[in-house]
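First comes the structure, then the notes that go with it.
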Amino acid sequence: MMDAPSASPLQDGYGRRIDYLRVSVTDRCDLRCSYCLPKDFKGFETPANWLDHAEMQRLVGLFAGLGVRKVRLTGGEPLLRRGLAGLAGAIAAMPGLADLSVSTNGTRLARHAQALRAAGVTRLNVSLDTLDAAAFGRITGRDCLASVLEGLDAARRAGFAPIKLNSVVHAATPEAEVRRLLDYALAQGFVLRLIEPMPMGECGRGFSHTDLNAMGARLARDAGLVPALAPAGGGPARYWGTGDGAPALGVITPMSRHFCASCNRVRLGVDGTLYLCLGQEDQVPLGRLLREGASDADLVRAIRAGIAAKPERHEFSSRPERIVRFMAQTGG
């Protein structure tokens, strides 16, 4: 029988409360962003090994019963998974869950935004690295910037708030293009978040990071932004906001200033593998245990044992070669 929400919460060996679960519903993606997946990559998980919706609901329900309050549906590109709105609705209705969000590249958002909002998804993170169509094509491998912008318009009309734009910024990214993104975000009422690339797989190791703390401070100063509190949902970003305190610009800096001491999350892969740290190989095969007939009590014990063994921090700076899996294989 599943633990009740009043059961002792998940806490790792370093005293960190784990209340945030990211769930990859597919490792497939319709883009090939240069820092994420090789253009010719074919090592995707076999669909037979994907958790079906009922299996995902069962595992997410166990985490909710253990005090997880925030869930994010990710991929790959989650909107490639059929029936995502139905899965989102089932998760949104779980007792104790306070926040359900989706990360997407936006290519299919125009056709799905209303259904996701109706299902109970309240927040969106949309990947957007540039507003230049040619640069967008070079980064993603597809000429579809217009579709992403159309999706953002549809999401705003559907009532999503906040909508966060996630932009990977590396050493070769022109700062002028980042400023253009910030101007767009401010005009549209979105929150722009700049993210340092991480050395995950060969793609990730091909990009050098730049210190986004300094860049963020420059951009904020020039735009008249001031330090602000983080918006709802939690997470590692540090923000600057408008005069009314609403966050407008954030930086996520896993390389130049890591945030492992406050990490509150774990990730569930599409095959049910529980990844305890983005930058380590520690994992728990929950999907395999589930399909071998494990009871809810067995799965809860496996979850608790895994959380207790969660690593203290990643080693992206000291051991960048450590993680050979690509980001899409883990879940964003």
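In the structure tokens, the first chain shown is A, the next is B, and so on; residue numbers restart at 1 for each chain, and ligands run from 1 in the order shown.
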Find the residues near Pro9 in chain A: any atom within 9 Å, counting only C-alpha atoms, skip ones fewer than 2 places away on the same chain, and give them as a compact mmCIF listing (two decimals) with N, CA, C and O atoms, in the first residue's frame.
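As a result, selection.txt now contains:
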```txt
# COMPACT_ATOMS: atom_id res chain seq x y z
N PRO A 5 0.73 10.78 2.41
CA PRO A 5 1.53 11.99 2.35
C PRO A 5 2.12 12.38 3.70
O PRO A 5 3.09 13.12 3.76
N SER A 6 1.55 11.89 4.79
CA SER A 6 2.07 12.23 6.10
C SER A 6 3.27 11.38 6.50
O SER A 6 3.85 11.57 7.56
N ALA A 7 3.64 10.38 5.67
CA ALA A 7 4.81 9.55 5.96
C ALA A 7 6.05 10.42 5.99
O ALA A 7 6.08 11.53 5.45
N GLN A 11 14.56 12.36 2.51
CA GLN A 11 15.72 13.17 2.87
C GLN A 11 16.97 12.35 2.60
O GLN A 11 17.05 11.17 2.97
N ARG A 17 16.10 17.84 1.66
CA ARG A 17 14.73 17.37 1.46
C ARG A 17 14.49 17.22 -0.04
O ARG A 17 14.66 18.18 -0.82
N ILE A 18 14.08 16.04 -0.48
CA ILE A 18 13.82 15.78 -1.89
C ILE A 18 12.32 15.85 -2.12
O ILE A 18 11.57 14.96 -1.72
N ASP A 19 11.89 16.93 -2.76
CA ASP A 19 10.46 17.12 -2.98
C ASP A 19 10.13 17.46 -4.43
O ASP A 19 9.04 17.94 -4.73
N GLY A 65 3.26 10.32 -2.42
CA GLY A 65 2.98 9.84 -1.08
C GLY A 65 4.16 9.98 -0.14
O GLY A 65 3.99 9.96 1.09
N LEU A 66 5.36 10.16 -0.69
CA LEU A 66 6.57 10.33 0.11
C LEU A 66 6.97 11.80 0.24
O LEU A 66 8.08 12.10 0.65
N GLY A 67 6.07 12.69 -0.10
CA GLY A 67 6.32 14.11 0.13
C GLY A 67 6.78 14.90 -1.06
O GLY A 67 7.06 16.11 -0.93
N VAL A 68 6.89 14.29 -2.24
CA VAL A 68 7.22 15.07 -3.43
C VAL A 68 6.04 15.95 -3.77
O VAL A 68 4.90 15.48 -3.88
```
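Contact shell of Pro311 in chain A at 9 Å (only C-alpha atoms; same-chain neighbours under 6 positions omitted): Asp12, Gly13, Tyr14, Leu276, Cys277, Gln280 and Asp282 of chain A.
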With distances taken over only C-alpha atoms, the candidate from A:Leu51, A:Leu225, A:Val60, A:Cys33 nearest Leu299 in chain A is A:Val60
CA of Arg69 in chain A sits from CA of Pro95 in chain A at a separation of 9.4 Å
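Backbone DSSP of range 238-297 of chain A yields helix (DSSP H, G or I) at Cys260, Ala261, Ser262, Leu286, Gly287, Arg288, Leu289, Leu290, Arg291, Asp296 and Ala297 of chain A.
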### Task
Write down as a PyMOL selection string the residues belonging to range 60-127 of chain A that are assigned strand (DSSP E or B) by DSSP computed on the backbone.
chain A and resi 70-74+99-104+123-127
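Checking A:Leu229, A:Pro236, A:Gly241, A:Leu87 one by one against Glu55 in chain A, counting only C-alpha atoms, you find the shortest gap at A:Leu87.
Residues in contact with Ala98 in chain A at up to 10 Å, not including ones fewer than 4 positions away on its chain and judged by only C-alpha atoms, are Ala64, Val68, Arg69, Lys70, Val71, Ala92, Ala93, Met94 and Gly233 of chain A.
CA of Leu268 in chain A sits 28.6 Å away from CA of Pro247 in chain A.
Minimum distance to Val191 in chain A across A:Thr242, A:Thr122, A:Thr107, A:Thr26 (counting only C-alpha atoms) occurs at A:Thr242.
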Near Phe160 in chain A, counting only C-alpha atoms, which residues have an atom at most 10 Å away, once you skip same-chain residues fewer than 3 positions from it, shown as a JSON list (two decimals) with N, CA, C and O atoms, in the first residue's frame?
```json
[["chain", "number", "residue", "atom", "x", "y", "z"],
["A", 101, "SER", "N", 4.50, 20.92, -14.01],
["A", 101, "SER", "CA", 5.01, 21.74, -15.11],
["A", 101, "SER", "C", 5.52, 20.83, -16.23],
["A", 101, "SER", "O", 5.65, 19.62, -16.07],
["A", 113, "ALA", "N", -1.03, 23.34, -26.28],
["A", 113, "ALA", "CA", -1.02, 24.23, -25.13],
["A", 113, "ALA", "C", -2.35, 24.22, -24.38],
["A", 113, "ALA", "O", -2.38, 24.11, -23.14],
["A", 114, "GLN", "N", -3.45, 24.33, -25.09],
["A", 114, "GLN", "CA", -4.75, 24.42, -24.42],
["A", 114, "GLN", "C", -5.07, 23.13, -23.67],
["A", 114, "GLN", "O", -5.58, 23.16, -22.54],
["A", 116, "LEU", "N", -2.95, 20.93, -22.41],
["A", 116, "LEU", "CA", -2.09, 20.83, -21.23],
["A", 116, "LEU", "C", -2.60, 21.72, -20.10],
["A", 116, "LEU", "O", -2.62, 21.32, -18.94],
["A", 117, "ARG", "N", -3.02, 22.92, -20.46],
["A", 117, "ARG", "CA", -3.53, 23.83, -19.43],
["A", 117, "ARG", "C", -4.81, 23.27, -18.81],
["A", 117, "ARG", "O", -4.99, 23.32, -17.58],
["A", 121, "VAL", "N", -1.66, 21.45, -15.94],
["A", 121, "VAL", "CA", -0.30, 21.97, -16.01],
["A", 121, "VAL", "C", -0.37, 23.49, -15.86],
["A", 121, "VAL", "O", -1.16, 24.15, -16.54],
["A", 122, "THR", "N", 0.44, 24.04, -14.96],
["A", 122, "THR", "CA", 0.36, 25.48, -14.72],
["A", 122, "THR", "C", 1.57, 26.25, -15.24],
["A", 122, "THR", "O", 1.47, 27.45, -15.48],
["A", 123, "ARG", "N", 2.70, 25.56, -15.39],
["A", 123, "ARG", "CA", 3.92, 26.28, -15.78],
["A", 123, "ARG", "C", 4.60, 25.56, -16.94],
["A", 123, "ARG", "O", 4.54, 24.33, -17.05],
["A", 124, "LEU", "N", 5.28, 26.35, -17.77],
["A", 124, "LEU", "CA", 6.03, 25.80, -18.90],
["A", 124, "LEU", "C", 7.44, 26.35, -18.91],
["A", 124, "LEU", "O", 7.66, 27.53, -18.62],
["A", 152, "LEU", "N", 4.68, 29.64, -28.25],
["A", 152, "LEU", "CA", 4.74, 30.54, -27.10],
["A", 152, "LEU", "C", 3.53, 31.46, -27.06],
["A", 152, "LEU", "O", 2.96, 31.70, -25.99],
["A", 154, "ALA", "N", 0.59, 30.73, -28.24],
["A", 154, "ALA", "CA", -0.54, 29.89, -27.85],
["A", 154, "ALA", "C", -0.53, 29.60, -26.35],
["A", 154, "ALA", "O", -1.58, 29.58, -25.70],
["A", 155, "ALA", "N", 0.66, 29.38, -25.80],
["A", 155, "ALA", "CA", 0.77, 29.10, -24.37],
["A", 155, "ALA", "C", 0.34, 30.30, -23.53],
["A", 155, "ALA", "O", -0.35, 30.15, -22.52],
["A", 156, "ARG", "N", 0.71, 31.47, -23.96],
["A", 156, "ARG", "CA", 0.30, 32.67, -23.22],
["A", 156, "ARG", "C", -1.21, 32.85, -23.28],
["A", 156, "ARG", "O", -1.85, 33.16, -22.28],
["A", 157, "ARG", "N", -1.81, 32.62, -24.46],
["A", 157, "ARG", "CA", -3.26, 32.73, -24.59],
["A", 157, "ARG", "C", -3.97, 31.68, -23.74],
["A", 157, "ARG", "O", -5.09, 31.92, -23.26],
["A", 163, "ILE", "N", 5.80, 31.64, -17.92],
["A", 163, "ILE", "CA", 6.43, 30.91, -19.01],
["A", 163, "ILE", "C", 7.91, 31.29, -18.99],
["A", 163, "ILE", "O", 8.26, 32.46, -19.08],
["A", 164, "LYS", "N", 8.76, 30.28, -18.82],
["A", 164, "LYS", "CA", 10.19, 30.52, -18.74],
["A", 164, "LYS", "C", 10.86, 30.08, -20.04],
["A", 164, "LYS", "O", 10.58, 28.98, -20.54]]
```
| Within 12 Å of His53 in chain A, counting only C-alpha atoms, which residues qualify if same-chain residues fewer than 4 places away don't, as a PyMOL selection string? | chain A and resi 23-26+57-61+81-91+270-272
For those residues, write N, CA, C and O atoms to a file as an mmCIF file, in the first residue's frame.
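Written out: again_6.cif:
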```
data_model
loop_
_atom_site.group_PDB
_atom_site.id
_atom_site.type_symbol
_atom_site.label_atom_id
_atom_site.label_comp_id
_atom_site.auth_asym_id
_atom_site.auth_seq_id
_atom_site.Cartn_x
_atom_site.Cartn_y
_atom_site.Cartn_z
ATOM 1 N N VAL A 23 10.190 13.789 -14.600
ATOM 2 C CA VAL A 23 9.796 12.531 -15.224
ATOM 3 C C VAL A 23 9.960 12.645 -16.738
ATOM 4 O O VAL A 23 9.284 13.447 -17.383
ATOM 5 N N SER A 24 10.858 11.841 -17.296
ATOM 6 C CA SER A 24 11.031 11.809 -18.745
ATOM 7 C C SER A 24 10.003 10.862 -19.342
ATOM 8 O O SER A 24 9.996 9.667 -19.034
ATOM 9 N N VAL A 25 9.138 11.383 -20.203
ATOM 10 C CA VAL A 25 8.108 10.544 -20.821
ATOM 11 C C VAL A 25 8.579 9.965 -22.155
ATOM 12 O O VAL A 25 7.924 9.086 -22.713
ATOM 13 N N THR A 26 9.699 10.437 -22.665
ATOM 14 C CA THR A 26 10.326 9.893 -23.868
ATOM 15 C C THR A 26 11.750 10.414 -23.943
ATOM 16 O O THR A 26 12.037 11.526 -23.477
ATOM 17 N N GLN A 57 2.179 6.671 -13.676
ATOM 18 C CA GLN A 57 1.291 7.173 -12.629
ATOM 19 C C GLN A 57 1.549 6.465 -11.305
ATOM 20 O O GLN A 57 1.540 7.087 -10.244
ATOM 21 N N ARG A 58 1.790 5.166 -11.369
ATOM 22 C CA ARG A 58 2.032 4.418 -10.134
ATOM 23 C C ARG A 58 3.292 4.929 -9.433
ATOM 24 O O ARG A 58 3.282 5.188 -8.223
ATOM 25 N N LEU A 59 4.380 5.111 -10.199
ATOM 26 C CA LEU A 59 5.628 5.558 -9.573
ATOM 27 C C LEU A 59 5.517 7.001 -9.085
ATOM 28 O O LEU A 59 5.960 7.327 -7.979
ATOM 29 N N VAL A 60 4.923 7.867 -9.887
ATOM 30 C CA VAL A 60 4.767 9.258 -9.455
ATOM 31 C C VAL A 60 3.885 9.312 -8.207
ATOM 32 O O VAL A 60 4.150 10.089 -7.275
ATOM 33 N N GLY A 61 2.858 8.484 -8.158
ATOM 34 C CA GLY A 61 2.004 8.449 -6.979
ATOM 35 C C GLY A 61 2.759 8.039 -5.728
ATOM 36 O O GLY A 61 2.517 8.578 -4.637
ATOM 37 N N ARG A 81 5.205 12.296 -27.020
ATOM 38 C CA ARG A 81 4.569 11.129 -26.396
ATOM 39 C C ARG A 81 3.052 11.265 -26.485
ATOM 40 O O ARG A 81 2.466 12.263 -26.027
ATOM 41 N N ARG A 82 2.419 10.283 -27.079
ATOM 42 C CA ARG A 82 0.968 10.325 -27.241
ATOM 43 C C ARG A 82 0.273 10.311 -25.882
ATOM 44 O O ARG A 82 0.713 9.635 -24.952
ATOM 45 N N GLY A 83 -0.801 11.056 -25.801
ATOM 46 C CA GLY A 83 -1.610 11.056 -24.594
ATOM 47 C C GLY A 83 -1.007 11.812 -23.430
ATOM 48 O O GLY A 83 -1.391 11.567 -22.283
ATOM 49 N N LEU A 84 -0.109 12.741 -23.702
ATOM 50 C CA LEU A 84 0.568 13.434 -22.607
ATOM 51 C C LEU A 84 -0.417 14.216 -21.745
ATOM 52 O O LEU A 84 -0.290 14.236 -20.517
ATOM 53 N N ALA A 85 -1.401 14.853 -22.364
ATOM 54 C CA ALA A 85 -2.357 15.629 -21.576
ATOM 55 C C ALA A 85 -3.127 14.729 -20.611
ATOM 56 O O ALA A 85 -3.401 15.121 -19.466
ATOM 57 N N GLY A 86 -3.480 13.524 -21.040
ATOM 58 C CA GLY A 86 -4.163 12.599 -20.140
ATOM 59 C C GLY A 86 -3.294 12.192 -18.967
ATOM 60 O O GLY A 86 -3.766 12.127 -17.824
ATOM 61 N N LEU A 87 -2.014 11.912 -19.234
ATOM 62 C CA LEU A 87 -1.082 11.590 -18.158
ATOM 63 C C LEU A 87 -0.945 12.771 -17.209
ATOM 64 O O LEU A 87 -0.965 12.602 -15.978
ATOM 65 N N ALA A 88 -0.825 13.976 -17.767
ATOM 66 C CA ALA A 88 -0.698 15.178 -16.942
ATOM 67 C C ALA A 88 -1.921 15.347 -16.050
ATOM 68 O O ALA A 88 -1.803 15.691 -14.866
ATOM 69 N N GLY A 89 -3.113 15.115 -16.596
ATOM 70 C CA GLY A 89 -4.319 15.256 -15.800
ATOM 71 C C GLY A 89 -4.366 14.291 -14.633
ATOM 72 O O GLY A 89 -4.770 14.661 -13.521
ATOM 73 N N ALA A 90 -3.933 13.049 -14.862
ATOM 74 C CA ALA A 90 -3.920 12.054 -13.789
ATOM 75 C C ALA A 90 -2.935 12.443 -12.693
ATOM 76 O O ALA A 90 -3.203 12.278 -11.503
ATOM 77 N N ILE A 91 -1.787 12.979 -13.089
ATOM 78 C CA ILE A 91 -0.782 13.381 -12.098
ATOM 79 C C ILE A 91 -1.246 14.625 -11.348
ATOM 80 O O ILE A 91 -1.093 14.729 -10.125
ATOM 81 N N VAL A 270 12.660 7.422 -18.888
ATOM 82 C CA VAL A 270 11.491 6.868 -19.561
ATOM 83 C C VAL A 270 11.348 5.370 -19.292
ATOM 84 O O VAL A 270 10.235 4.825 -19.355
ATOM 85 N N ASP A 271 12.451 4.688 -18.962
ATOM 86 C CA ASP A 271 12.376 3.261 -18.654
ATOM 87 C C ASP A 271 12.209 2.989 -17.161
ATOM 88 O O ASP A 271 12.254 1.843 -16.722
ATOM 89 N N GLY A 272 12.014 4.058 -16.379
ATOM 90 C CA GLY A 272 11.825 3.899 -14.948
ATOM 91 C C GLY A 272 13.101 3.912 -14.137
ATOM 92 O O GLY A 272 13.061 3.683 -12.924
#
```
